[in-house]
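Chemist: Have a look at the structure that comes next, please.
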Amino acid sequence: MTPSDMVLTPMGLRFRGVTYPCTVGRSGVTLNKREGDGATPAGVHRIVGCLYRPDRMSRPCDWALPIRPGDLWSDDPRHEDYNLMVRVPYSWSAERLFRGDRLYDLVLLTDWNWPYAERGRGSAIFLHRWRAPGRPTEGCIALSPGHLRRIVTKIGYDTRLVVPEPMARR
C-alpha cells in the first residue's frame, strides 16, 4: 500500500490520514464477485474515472466527465457492452446513471472487471453517495456526499482503492 491509497477498514475508508464512514455491499466483501451478488470485491482497484451531474453541482475536478440524460451502465453479461457506459436506446439490462435520487450525482469509477469484462464477474464498482449511514449498497462503496466530494479533490493519479480480503468467521 502507498500513502495515496484509499483503504477499506472496519472503521471506514481511510484516505490521506482521515477515516471516513462508509458502507459496502449488502453481502459484505468477497473474493468471488459475481453479477448481482450484492458483494464488494476484495482487491486493489485503480480509480479510472469520475462522473458528475452538472445540473446538480459544479465540476468537482478537472478530469470529471458529466452524466447526461440517457447515460446508462450496462450490467447485462450477455451483451458485448457489459460493464461499459452506454446510452439509450439500449434494450439490454443497464443501470441508469442520470437518476432521480442523488446517489450518482458524483461517482468515482474503479477498474473492477474493466476495461475487458469477464462476463458474469460483476459490473462496475463505484464509490458514490450513500442512501443513509449504514445502509448497504449493491456492491459499491458509499460515503456521505461531503466526504465523497472531499475525497475526489484529493485523489492523485496513483490513488487506488484497497479492499482487504474478508476475514474468516470463527
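Residue names in the C-alpha cells use chain letters A, B, ... in the order shown, residue numbers from 1 in each chain, and ligand numbers from 1 in the order shown.
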Can you write out as CSV which residues of region 94-149 of chain A fall within 7 Å of region 82-86 of chain A, alongside each residue's closest atom pair and its distance in Å to one decimal, counting only C-alpha atoms and ordering rows by chain and ascending residue number?

Modeler:
```
residue,atom,partner,partner_atom,distance
A:Trp114,CA,A:Asn83,CA,6.9
A:Ala117,CA,A:Asn83,CA,6.4
A:Ser123,CA,A:Asn83,CA,4.7
A:Ala124,CA,A:Asn83,CA,5.9
```

Chemist: Excluding Thr110 (chain A) and residues on its chain fewer than 2 positions from it, collect all residues at most 7 Å away from it, counting only C-alpha atoms, and give them as an MDAnalysis selection string.

Modeler: chainID A and resid 45:48 108 112 125:126

Chemist: When you look at region 143-160 of chain A with a cut-off of 9 Å (counting only C-alpha atoms), what residues show up, excluding the ones that are within fewer than 4 positions of it in the same chain? I need them as a ChimeraX atom specification.

Modeler: /A:1-7,13,15-16,20-23,44-48,50,60-61,103,105-108,110,127-133

Chemist: Just the residues within 12 Å of Gly100 (chain A), please, counting only C-alpha atoms, with nothing from its chain fewer than 6 positions along; format it as a list in words.

Modeler: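 Skipping anything fewer than 6 positions along the chain leaves Arg53, Asp55, Arg56 and Pro69 of chain A.
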
Chemist: Give the strand (DSSP E or B) residues of region 43-84 of chain A, as assigned by DSSP on the backbone, as a ChimeraX atom specification.

Modeler: /A:43-52,64-66,71-74

Chemist: Any chance you could export the current selection's C-alpha atoms as a PDB file, in the first residue's frame?

Modeler:
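Ended up saving to selection_17.pdb:
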```
ATOM      1  CA  GLY A  43      -8.567  -6.480  -4.185  1.00  0.00           C
ATOM      2  CA  VAL A  44      -6.616  -3.440  -5.262  1.00  0.00           C
ATOM      3  CA  HIS A  45      -8.624  -1.331  -7.693  1.00  0.00           C
ATOM      4  CA  ARG A  46      -7.394   1.683  -9.641  1.00  0.00           C
ATOM      5  CA  ILE A  47      -9.549   4.804  -9.849  1.00  0.00           C
ATOM      6  CA  VAL A  48     -10.159   5.213 -13.586  1.00  0.00           C
ATOM      7  CA  GLY A  49     -12.736   7.961 -13.821  1.00  0.00           C
ATOM      8  CA  CYS A  50     -15.049  10.462 -12.218  1.00  0.00           C
ATOM      9  CA  LEU A  51     -18.619  11.257 -13.274  1.00  0.00           C
ATOM     10  CA  TYR A  52     -20.867  14.039 -12.008  1.00  0.00           C
ATOM     11  CA  ALA A  64     -14.573  14.613 -14.215  1.00  0.00           C
ATOM     12  CA  LEU A  65     -17.000  13.860 -17.037  1.00  0.00           C
ATOM     13  CA  PRO A  66     -20.655  14.908 -16.989  1.00  0.00           C
ATOM     14  CA  ASP A  71     -26.414   7.679 -19.831  1.00  0.00           C
ATOM     15  CA  LEU A  72     -26.535   4.083 -18.610  1.00  0.00           C
ATOM     16  CA  TRP A  73     -24.099   1.453 -17.326  1.00  0.00           C
ATOM     17  CA  SER A  74     -24.535  -1.990 -18.906  1.00  0.00           C
TER      18      SER A  74
END
```

Chemist: For each of A:Arg96, A:Gly139, A:Glu80, A:Tyr116, take the minimum atom-to-atom distance to Arg34 (chain A), counting only C-alpha atoms, then give the residue where this is smallest.

Modeler: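 Closest to Arg34 (chain A) of all the choices is A:Gly139.
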
Chemist: CA of Gly122 (chain A) and CA of Cys140 (chain A) are how many Å apart?

Modeler: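 Taking CA of Gly122 (chain A) and CA of Cys140 (chain A), their separation equals 10.8 Å.
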
Chemist: Rounded to one decimal, what separation in Å do you get between CA of Asp37 (chain A) and CA of Glu138 (chain A)?

Modeler: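 Interatomic distance here is 7.7 Å.
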
Chemist: Could you please determine the separation between CA of Arg59 (chain A) and CA of Leu97 (chain A) in Å, to one decimal place?

Modeler: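 Between CA of Arg59 (chain A) and CA of Leu97 (chain A) the gap is 16.4 Å.
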
Chemist: Could you tell me, as a VMD selection string, which residues of chain A DSSP assigns to alpha helix (DSSP H) when given the backbone?

Modeler: chain A and resid 145 to 154

Chemist: Residues of the last selection are to be written out with N, CA and C atoms, as a compact mmCIF listing (two decimals), in the first residue's frame.

Modeler:
```
# COMPACT_ATOMS: atom_id res chain seq x y z
N PRO A 145 -22.18 12.60 1.11
CA PRO A 145 -21.86 13.46 -0.03
C PRO A 145 -20.68 14.39 0.23
N GLY A 146 -20.59 14.96 1.43
CA GLY A 146 -19.49 15.86 1.75
C GLY A 146 -18.15 15.15 1.77
N HIS A 147 -18.11 13.95 2.34
CA HIS A 147 -16.87 13.19 2.38
C HIS A 147 -16.45 12.76 0.98
N LEU A 148 -17.41 12.33 0.17
CA LEU A 148 -17.10 11.92 -1.20
C LEU A 148 -16.50 13.09 -1.97
N ARG A 149 -17.10 14.23 -1.84
CA ARG A 149 -16.60 15.43 -2.54
C ARG A 149 -15.17 15.77 -2.07
N ARG A 150 -14.92 15.68 -0.78
CA ARG A 150 -13.59 15.97 -0.23
C ARG A 150 -12.56 14.97 -0.78
N ILE A 151 -12.93 13.71 -0.83
CA ILE A 151 -12.02 12.68 -1.35
C ILE A 151 -11.69 12.93 -2.81
N VAL A 152 -12.69 13.26 -3.62
CA VAL A 152 -12.47 13.47 -5.04
C VAL A 152 -11.42 14.55 -5.29
N THR A 153 -11.42 15.60 -4.48
CA THR A 153 -10.46 16.69 -4.69
C THR A 153 -9.04 16.32 -4.30
N LYS A 154 -8.85 15.21 -3.58
CA LYS A 154 -7.52 14.81 -3.09
C LYS A 154 -6.94 13.60 -3.83
```
